[in-house]
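**Q** Pasting in a structure now, in structure tokens, and then I'll have a few things to ask.
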Amino acid sequence: AGVLQPFYDYDSGVLFLAGKGDGNIRIYEVESEAPYFHETHVQYGSTSSTKSIGCIPKRAVDVSKNEIMRFYKLNNQSVIEEISFDVPRRSDQFQPDLYPDCNSIEPALSGKAWLGGENAEPKKQSLNPAAGQQASPKKLALGGGASAEALKEIAELKTEIETLKGENEALKANQGDSASLTEENTQLKEKVSALTTELESSTEDQKKRISQLEAELAEAKETASTSNDKEAEDSSSSEEVTKLTNELNELREYGSTLVEEVDTLQQKLKDAQTRLDDTEGKVTTLTNENEELKTEGAAIERMLQQRDEEIATLRSAKEGESA
């Protein structure tokens, strides 16, 4: 035989061993003590080799026939064969020793909880038809499709995925606003830097000129106080002092204007930075939320895919039984 394909029934502790290219299926009972494996006296034999093989979920077996496993085998003639394993019993009642509660189709955890590191035991369901749980409202109906509530749940999940896509588009728009604010902030920083440089240069020139004017003013006052012709010199010195004083005041006023302009630009820069920080904070929050939503959306899509596969499997099983 080629590659071995094991199928283990956890509920009954039975291992079914098939192989690609082999027509037989060997059956072993598995236990926790040595020698661990016991080959049963019942084996399945066939002259048609196996190309591929798969089994249905335990919750889909026919309990009325005491069926414990059913395979669908693709043989070398590309024909699908149904292979059923039943336990012969005289009673037509439900056999609880053959059918302990099996894994349910209902998830034990949400996708978000599982990705968050949580673990939980699988939820179980009874296969006893009298318990009324073989086709619960949220599970698949074996009558050829899914129940109305199951279809409704799938539609709700798809709607949630569309909502997540819309939120993702909104996030992209917010990221565009953040880029615009970043550019505006950069331009303001460049303008403030240029004005600051200009102010520093102008202030240095003003300081030199003020020092020069103060020296000239002191010299003029000294000349006026020591002059022989006091009246003429006082008049000339007074005019020069007034001129120097006016020029000094103009320089000081110009310096104050530059300082005010820089203060105004710095305030604008501060406001822009605040808006940028707010936007970046929102973008960061939205990015984190988007990652969570993407993760949740992927989990939902996997859940939908699993649900679709379950529906397809049960439909195939039902069609096989009808045939």
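Letters for chains follow the order of the structure tokens (A, B, ...), residue numbers begin at 1 for each chain, and ligand numbers begin at 1 in the order shown.
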Per residue of range 214-305 of chain A within 9 Å of range 105-129 of chain A, record the nearest atom pair and its distance in Å to one decimal, counting only C-alpha atoms, with rows in chain order and ascending residue number, as a tab-separated table.
**A**
```
residue	atom	partner	partner_atom	distance
A:Glu292	CA	A:Lys112	CA	8.1
A:Thr295	CA	A:Lys112	CA	7.2
A:Glu296	CA	A:Lys112	CA	5.6
A:Gly297	CA	A:Gly111	CA	8.8
A:Ala298	CA	A:Gly111	CA	8.4
A:Ala299	CA	A:Gly111	CA	5.0
A:Ile300	CA	A:Gly111	CA	7.0
A:Arg302	CA	A:Gly111	CA	8.9
A:Met303	CA	A:Gly111	CA	8.3
```
**Q** Within 10 Å of Gln93 in chain A, counting only C-alpha atoms, which residues qualify if same-chain residues fewer than 2 places away don't, as JSON, numbers by chain?
**A** {"A": [63, 64, 65, 66, 89, 90, 91, 95, 96, 128]}
**Q** One decimal, in Å: what's the spacing between CA of Ala18 in chain A and CA of Leu4 in chain A?
**A**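 According to the coordinates, CA of Ala18 in chain A and CA of Leu4 in chain A are separated by 5.9 Å.
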**Q** Work out how far CA of Leu17 in chain A is from CA of Tyr44 in chain A, in Å to one decimal.
**A** 10.1 Å
**Q** Would you please work out which residue, of A:Ala220, A:His38, A:Thr50, A:Lys158, is nearest to Val79 in chain A when using only C-alpha atoms?
**A**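 Using only C-alpha atoms, Val79 in chain A sits closest to A:Thr50.
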**Q** Among range 78-288 of chain A, which residues does DSSP mark as helix (DSSP H, G or I) when it is run on the backbone? Keep the chain and numbering as in the structure and answer as a ChimeraX atom specification.
**A** /A:111-115,129-131,148-226,230-288
**Q** Can those selected residues be exported to a file as a short mmCIF file (atom, residue, chain, number, x, y, z; two decimals), in the first residue's frame so that it contains C-alpha atoms?
**A**
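File produced: again-v3.cif:
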```
data_model
loop_
_atom_site.label_atom_id
_atom_site.label_comp_id
_atom_site.auth_asym_id
_atom_site.auth_seq_id
_atom_site.Cartn_x
_atom_site.Cartn_y
_atom_site.Cartn_z
CA GLY A 111 -12.39 33.03 17.24
CA LYS A 112 -11.30 36.11 19.19
CA ALA A 113 -11.11 34.18 22.47
CA TRP A 114 -9.10 31.38 20.86
CA LEU A 115 -6.64 33.82 19.30
CA PRO A 129 -33.05 10.83 18.89
CA ALA A 130 -35.29 10.80 21.96
CA ALA A 131 -33.21 13.57 23.53
CA ALA A 148 -33.53 28.51 8.96
CA GLU A 149 -31.71 29.70 12.06
CA ALA A 150 -28.38 28.33 10.81
CA LEU A 151 -28.83 30.19 7.51
CA LYS A 152 -29.77 33.33 9.43
CA GLU A 153 -26.62 33.04 11.52
CA ILE A 154 -24.48 32.67 8.37
CA ALA A 155 -26.15 35.79 6.88
CA GLU A 156 -25.42 37.73 10.09
CA LEU A 157 -21.78 36.67 10.01
CA LYS A 158 -21.47 37.81 6.39
CA THR A 159 -23.06 41.15 7.31
CA GLU A 160 -20.52 41.55 10.11
CA ILE A 161 -17.70 40.93 7.64
CA GLU A 162 -19.07 43.69 5.37
CA THR A 163 -19.22 46.03 8.38
CA LEU A 164 -15.58 45.26 9.15
CA LYS A 165 -14.64 46.09 5.56
CA GLY A 166 -16.44 49.46 5.88
CA GLU A 167 -14.56 50.26 9.08
CA ASN A 168 -11.33 49.38 7.33
CA GLU A 169 -12.09 51.90 4.55
CA ALA A 170 -12.82 54.58 7.18
CA LEU A 171 -9.45 53.84 8.77
CA LYS A 172 -7.71 54.37 5.44
CA ALA A 173 -9.43 57.78 5.10
CA ASN A 174 -8.27 58.79 8.59
CA GLN A 175 -4.74 57.80 7.68
CA GLY A 176 -4.97 60.22 4.71
CA ASP A 177 -6.01 63.05 7.07
CA SER A 178 -3.07 62.24 9.31
CA ALA A 179 -0.66 62.48 6.36
CA SER A 180 -2.09 65.93 5.45
CA LEU A 181 -1.66 67.20 9.02
CA THR A 182 1.87 65.83 9.14
CA GLU A 183 2.75 67.75 5.98
CA GLU A 184 1.18 70.96 7.36
CA ASN A 185 3.09 70.52 10.61
CA THR A 186 6.37 70.09 8.73
CA GLN A 187 5.76 73.30 6.75
CA LEU A 188 5.01 75.23 9.94
CA LYS A 189 8.16 73.91 11.58
CA GLU A 190 10.23 75.04 8.58
CA LYS A 191 8.65 78.53 8.66
CA VAL A 192 9.19 78.92 12.40
CA SER A 193 12.80 77.75 12.01
CA ALA A 194 13.42 80.34 9.26
CA LEU A 195 11.82 83.16 11.30
CA THR A 196 13.74 82.12 14.40
CA THR A 197 17.00 82.28 12.45
CA GLU A 198 16.00 85.68 11.05
CA LEU A 199 15.06 86.91 14.51
CA GLU A 200 18.34 85.74 16.01
CA SER A 201 20.32 87.44 13.23
CA SER A 202 18.25 90.64 13.46
CA THR A 203 18.48 90.66 17.25
CA GLU A 204 22.26 90.36 17.07
CA ASP A 205 22.40 93.26 14.60
CA GLN A 206 20.06 95.29 16.80
CA LYS A 207 22.20 94.66 19.85
CA LYS A 208 25.28 95.90 18.01
CA ARG A 209 23.44 98.95 16.68
CA ILE A 210 21.92 99.72 20.10
CA SER A 211 25.36 99.47 21.71
CA GLN A 212 26.73 101.79 19.02
CA LEU A 213 23.87 104.26 19.49
CA GLU A 214 24.25 104.22 23.25
CA ALA A 215 27.98 104.94 22.89
CA GLU A 216 27.29 107.81 20.47
CA LEU A 217 24.60 109.14 22.79
CA ALA A 218 26.98 109.10 25.77
CA GLU A 219 29.67 110.79 23.71
CA ALA A 220 27.23 113.47 22.55
CA LYS A 221 26.12 114.14 26.11
CA GLU A 222 29.74 114.41 27.25
CA THR A 223 30.59 116.74 24.39
CA ALA A 224 27.60 118.91 25.21
CA SER A 225 28.59 119.18 28.89
CA THR A 226 32.21 120.21 28.15
CA LYS A 230 27.10 125.80 25.51
CA GLU A 231 24.08 127.19 23.77
CA ALA A 232 25.13 126.19 20.26
CA GLU A 233 26.49 122.81 21.32
CA ASP A 234 23.45 122.01 23.47
CA SER A 235 21.17 122.63 20.48
CA SER A 236 23.29 120.44 18.16
CA SER A 237 23.72 117.71 20.75
CA SER A 238 20.04 117.73 21.59
CA GLU A 239 19.11 117.15 17.97
CA GLU A 240 21.60 114.29 17.67
CA VAL A 241 20.40 112.75 20.93
CA THR A 242 16.79 112.93 19.75
CA LYS A 243 17.70 111.34 16.42
CA LEU A 244 19.63 108.52 18.10
CA THR A 245 16.84 107.97 20.62
CA ASN A 246 14.22 107.68 17.84
CA GLU A 247 16.35 105.21 15.89
CA LEU A 248 16.89 103.17 19.04
CA ASN A 249 13.14 103.07 19.74
CA GLU A 250 12.41 102.01 16.14
CA LEU A 251 14.87 99.14 16.42
CA ARG A 252 13.33 98.02 19.68
CA GLU A 253 9.82 98.20 18.16
CA TYR A 254 10.93 96.15 15.14
CA GLY A 255 12.44 93.55 17.46
CA SER A 256 9.17 93.35 19.45
CA THR A 257 7.21 92.87 16.20
CA LEU A 258 9.45 89.98 15.18
CA VAL A 259 9.10 88.38 18.59
CA GLU A 260 5.29 88.63 18.39
CA GLU A 261 5.26 87.09 14.92
CA VAL A 262 7.44 84.18 16.07
CA ASP A 263 5.19 83.70 19.11
CA THR A 264 2.13 83.59 16.83
CA LEU A 265 3.75 81.02 14.53
CA GLN A 266 4.88 78.94 17.48
CA GLN A 267 1.30 78.92 18.80
CA LYS A 268 0.07 77.80 15.36
CA LEU A 269 2.73 75.10 15.37
CA LYS A 270 1.64 73.99 18.83
CA ASP A 271 -2.02 73.84 17.72
CA ALA A 272 -1.06 71.87 14.60
CA GLN A 273 1.05 69.50 16.68
CA THR A 274 -1.87 68.98 19.06
CA ARG A 275 -4.18 68.18 16.15
CA LEU A 276 -1.54 65.88 14.68
CA ASP A 277 -1.09 64.07 18.00
CA ASP A 278 -4.87 63.66 18.34
CA THR A 279 -5.13 62.31 14.81
CA GLU A 280 -2.15 59.98 15.24
CA GLY A 281 -3.68 58.74 18.48
CA LYS A 282 -6.96 58.06 16.69
CA VAL A 283 -5.13 56.37 13.82
CA THR A 284 -3.19 54.20 16.28
CA THR A 285 -6.40 53.25 18.06
CA LEU A 286 -8.17 52.55 14.78
CA THR A 287 -5.20 50.56 13.54
CA ASN A 288 -5.28 48.37 16.63
#
```
**Q** So which bits of range 32-281 of chain A end up strand (DSSP E) when you DSSP the backbone, as a PyMOL selection string?
**A** chain A and resi 37-39+50-55+67-75+80-86+102-103+124-125+140-141+145-146
**Q** Check the smallest atom-to-atom distance from each of A:Asn290, A:Gln43, A:Ser84, A:Asn75 to Asp62 in chain A using only C-alpha atoms, then report the winner.
**A**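 The answer is A:Ser84, which sits nearest to Asp62 in chain A.
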**Q** Which residues come within 10 Å of Pro6 in chain A, counting only C-alpha atoms, excluding same-chain residues fewer than 3 positions away, as a list of chain:residue names?
**A** A:Val3, A:Asp9, A:Leu15, A:Phe16, A:Leu17, A:Ala18, A:Gly19, A:Ile25, A:Arg26, A:Ile27, A:Gly54
